[in-house]
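S.K.: Supplied in structure tokens, the structure appears directly below.
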Amino acid sequence: MSFFERLTGKKSASSAKERLQLVLIHDRVDLTPAVLDALKEELLAVISRHVDIDPSSVHVELASEGRNQRLVADIPLKAAARQRAR
Amino acid sequence: MTGKVITITSGKGGVGKTTAVANLAVALAADGKKVVCIDGDIGLRNLDVVMGLENRIVYDIVDVVEGRCKTRQAMIRDKRLPELFLIPAAQTRDKNAVSPSDMVRLCDELRQDIDWILIDSPAGIERGFRNAIAPADKVLIVTNPEMSAVRDADRVVGLLEAEEKGSPSLVVNRLNPAMIKRGDMLSVDDVYDLLRIDVIGIVPEDENVIVASNRGAPLALEAKSRAGQAFRNIARRLEGHQVPFMELESQGLWERLARMGRK
Ligand SMILES: Nc1ncnc2c1ncn2[C@@H]1O[C@H](COP(=O)(O)OP(=O)(O)OP(=O)(O)O)[C@@H](O)[C@H]1O
Ligand SMILES: [Mg+2]
């Protein structure tokens with residue numbers, strides 16, 4: 001395999017592996033990418049009701065460790081606009 | 001003495017289950033063990049022709065389950081190995097003629113004086129698959145280094161996990177080293193990374209597999225056949241021996257398996 005192929009993942013085996021990684025993760029939890037998007041929207045709506053967040057900086061994704069899947073949400077919180085008086 | 005029941009399944013069809021059953025059976029029997037293989041593919045009987053026993057069938061598994069004959073009467077003795085037997089599938093019945101508890105009962109009877117009972121599961125995840133895994137002490141999943149075979153194998157692993165069937169082992173069949181080398185076929189490493197289950201066998205693509213099935217004589221007895229050697233190695237591993245993997249696999253996998261073994 002050439003350096004270029006390695007870099008771009010052009011060989012068919014590496015695209016097979018990449019595609020399978022995604023397909024398997026969604027198969028295993030029975031969650032399609034579309035459902036995951038909907039879940040993310042709802043999650044954001046609930047959280048925004050209580051704290052100030054920037055929707056564009058939120059990451060919600062499926063990750064896998066061995067044969068176990070987890071839903072990982074990384075939600076940066078904005079600093080409060082002004083200090084509350086004590 | 002109680003025999004062990006090994007079920008060979010795959011999800012996807014045509015990946016080499018029947019080939020694996022015939023060859024493992026021959027390898028175990030050649031090692032002096034008493035072996036019965038059961039064709040679980042009711043309606044699509046195949047193991048008989050792969051083993052070259054199609055002309056000797058009188059009774060089949062449905063006859064046994066429905067009490068028309070004794071288990072012994074449905075066990076066809078192999079031509080070359082006197083301690084190897086086949087219980088054929090029924091050809092003109094459907095899968096519902098046998099239930100998972102029938103399979104458990106049959107295997108419990110066989111266990112009494114047989115060392116290894118190998119069940120050839122049909123493709124899919126329906127009744128025939130359920131029947132095949134019900135009595136299993138150990139499940140082997142056969143896959144090919146190819147998208148849909150790996151995906152279906154993963155689905156089967158998930159189902160077995162849900163059934164708490166213990167962790168299955170993987171046979172990667174029909175590897176083509178030249179294609180892997182040029183980056184056009186998933187390697188065993190890749191397949192392991194994706195499925196994350198123990199690899200028990202790696203079988204190269206080998207045209208002699210087809211020649212052997214034309215002849216009705218599984219090639220596990222042929223000393224110089226690579227695929228035959230691969231199947232003999234799997235049989236040895238089933239018997240609890242540490243057998244190094246053959247050349248065609250990469251360093252990475254071997255190191256990883258060695259690491260797993262140490263855990
Ligand atoms: N390692 C191999 N090299 C070359 N050909 C092979 C190999 N393994 C299997 N085959 C061929 O692939 C075809 C399918 O194999 P086999 O019948 O064992 O698959 P199967 O999983 O039992 O199929 P089914 O799901 O229909 O029961 C056969 O023609 C067989 O000879
Ligand atoms: Mg078959």
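The way I read the labels, and the way they are meant: chains A, B, ... in the order of the structure tokens, residue 1 as the first residue of every chain, and ligand 1 as the first ligand shown, with later ones counted on from there.
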Run DSSP on the backbone of this structure and report the residues of region 19-208 of chain B it assigns to alpha helix (DSSP H), as an MDAnalysis selection string.
M.R.: chainID B and resid 19:30 47:50 61:65 71:74 100:111 127:133 147:162 177:181 188:195 208
S.K.: Find the nearest atom pair between each residue of chain A and chain B for residues within 7 Å, count only C-alpha atoms, give distances in Å to one decimal, sort rows by chain and ascending number, and present the table as a tab-separated table.
M.R.:
residue	atom	partner	partner_atom	distance
A:Met1	CA	B:Arg182	CA	6.1
A:Lys11	CA	B:Gly183	CA	5.5
A:Ser12	CA	B:Asp184	CA	5.0
A:Ala13	CA	B:Asp184	CA	4.8
A:Ala16	CA	B:Met147	CA	6.4
A:Lys17	CA	B:Asp190	CA	6.8
A:Leu20	CA	B:Met147	CA	6.8
A:Gln21	CA	B:Leu194	CA	6.4
A:Leu24	CA	B:Arg151	CA	6.6
A:Gly66	CA	B:Arg196	CA	6.0
A:Arg67	CA	B:Arg196	CA	6.4
S.K.: Which residues of chain B sit at most 7 Å from ligand 1, using only C-alpha atoms and all ligand atoms? Give each one's shortest atom pair and distance in Å (one decimal place), in chain and ascending residue order, as a tab-separated table.
M.R.:
residue	atom	partner	partner_atom_place_in_ligand_line	distance
B:Ser10	CA	ligand 1	21 (O)	6.9
B:Lys12	CA	ligand 1	25 (O)	6.4
B:Gly13	CA	ligand 1	25 (O)	3.1
B:Gly14	CA	ligand 1	23 (O)	3.2
B:Val15	CA	ligand 1	21 (O)	4.0
B:Gly16	CA	ligand 1	18 (O)	3.2
B:Lys17	CA	ligand 1	21 (O)	3.8
B:Thr18	CA	ligand 1	22 (O)	3.7
B:Thr19	CA	ligand 1	18 (O)	3.6
B:Ala20	CA	ligand 1	18 (O)	6.4
B:Pro122	CA	ligand 1	27 (O)	5.3
B:Ala123	CA	ligand 1	25 (O)	4.4
B:Asn173	CA	ligand 1	1 (N)	5.4
B:Arg174	CA	ligand 1	1 (N)	4.2
B:Val203	CA	ligand 1	1 (N)	5.6
B:Pro204	CA	ligand 1	1 (N)	5.2
B:Glu205	CA	ligand 1	3 (N)	3.6
B:Asp206	CA	ligand 1	3 (N)	3.9
B:Glu207	CA	ligand 1	4 (C)	4.9
B:Asn208	CA	ligand 1	4 (C)	6.9
B:Val209	CA	ligand 1	4 (C)	5.1
B:Ile210	CA	ligand 1	31 (O)	4.1
B:Ser213	CA	ligand 1	31 (O)	6.1
B:Ala227	CA	ligand 1	1 (N)	6.1
S.K.: Please provide as a PyMOL selection string all residues within 8 Å of Ala22 (chain B), with the sequence filter that same-chain residues fewer than 5 positions apart are discarded (counting only C-alpha atoms).
M.R.: chain B and resi 37+47+50-51+218
S.K.: Can I get the selected residues back with all heavy atoms, as a short mmCIF file (atom, residue, chain, number, x, y, z; two decimals), in the first residue's frame?
M.R.:
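Once written, again36.cif looks like this:
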data_model
loop_
_atom_site.label_atom_id
_atom_site.label_comp_id
_atom_site.auth_asym_id
_atom_site.auth_seq_id
_atom_site.Cartn_x
_atom_site.Cartn_y
_atom_site.Cartn_z
N CYS B 37 -21.98 -35.72 13.54
CA CYS B 37 -22.42 -34.41 13.09
C CYS B 37 -23.89 -34.45 12.72
O CYS B 37 -24.40 -35.44 12.20
CB CYS B 37 -21.59 -33.80 11.97
SG CYS B 37 -20.61 -34.89 11.05
N LEU B 47 -24.95 -31.48 4.24
CA LEU B 47 -23.79 -32.09 4.87
C LEU B 47 -23.55 -33.51 4.34
O LEU B 47 -22.42 -33.96 4.23
CB LEU B 47 -24.01 -32.10 6.40
CG LEU B 47 -22.83 -32.46 7.29
CD1 LEU B 47 -21.60 -31.62 6.97
CD2 LEU B 47 -23.23 -32.29 8.76
N VAL B 50 -21.49 -33.27 1.11
CA VAL B 50 -20.12 -32.81 1.38
C VAL B 50 -19.30 -33.95 2.00
O VAL B 50 -18.12 -34.11 1.73
CB VAL B 50 -20.14 -31.56 2.29
CG1 VAL B 50 -18.72 -31.17 2.70
CG2 VAL B 50 -20.81 -30.40 1.57
N MET B 51 -19.98 -34.81 2.79
CA MET B 51 -19.28 -35.93 3.41
C MET B 51 -19.31 -37.20 2.55
O MET B 51 -18.72 -38.22 2.90
CB MET B 51 -19.88 -36.24 4.79
CG MET B 51 -19.68 -35.09 5.77
SD MET B 51 -20.43 -35.41 7.38
CE MET B 51 -19.33 -36.67 8.02
N PRO B 218 -14.01 -34.73 2.62
CA PRO B 218 -13.44 -33.50 3.22
C PRO B 218 -11.92 -33.54 3.27
O PRO B 218 -11.34 -34.59 3.57
CB PRO B 218 -14.05 -33.48 4.62
CG PRO B 218 -15.35 -34.20 4.48
CD PRO B 218 -15.10 -35.28 3.46
#
S.K.: Have a look at B:Gly43, B:Leu28, B:Ser225, B:Gly124 and name the one nearest to Val211 (chain B); count only C-alpha atoms.
M.R.: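 Selected residue with least distance to Val211 (chain B): B:Ser225.
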S.K.: Please list as a list in words every residue within 9 Å of region 36-38 of chain A, counting only C-alpha atoms and excluding residues in the same chain fewer than 3 positions away.
M.R.: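 The neighbour list is Leu31, Thr32, Pro33, Glu41, Glu42, Leu43, Val60, Glu61 and Leu62 of chain A.
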S.K.: Find the spatial neighbours of Glu163 (chain B), counting only C-alpha atoms, within a cut-off of 12 Å - ignore same-chain residues fewer than 5 positions away - and output them as an MDAnalysis selection string.
M.R.: chainID B and resid 130 133:134 136 139 156:158 168
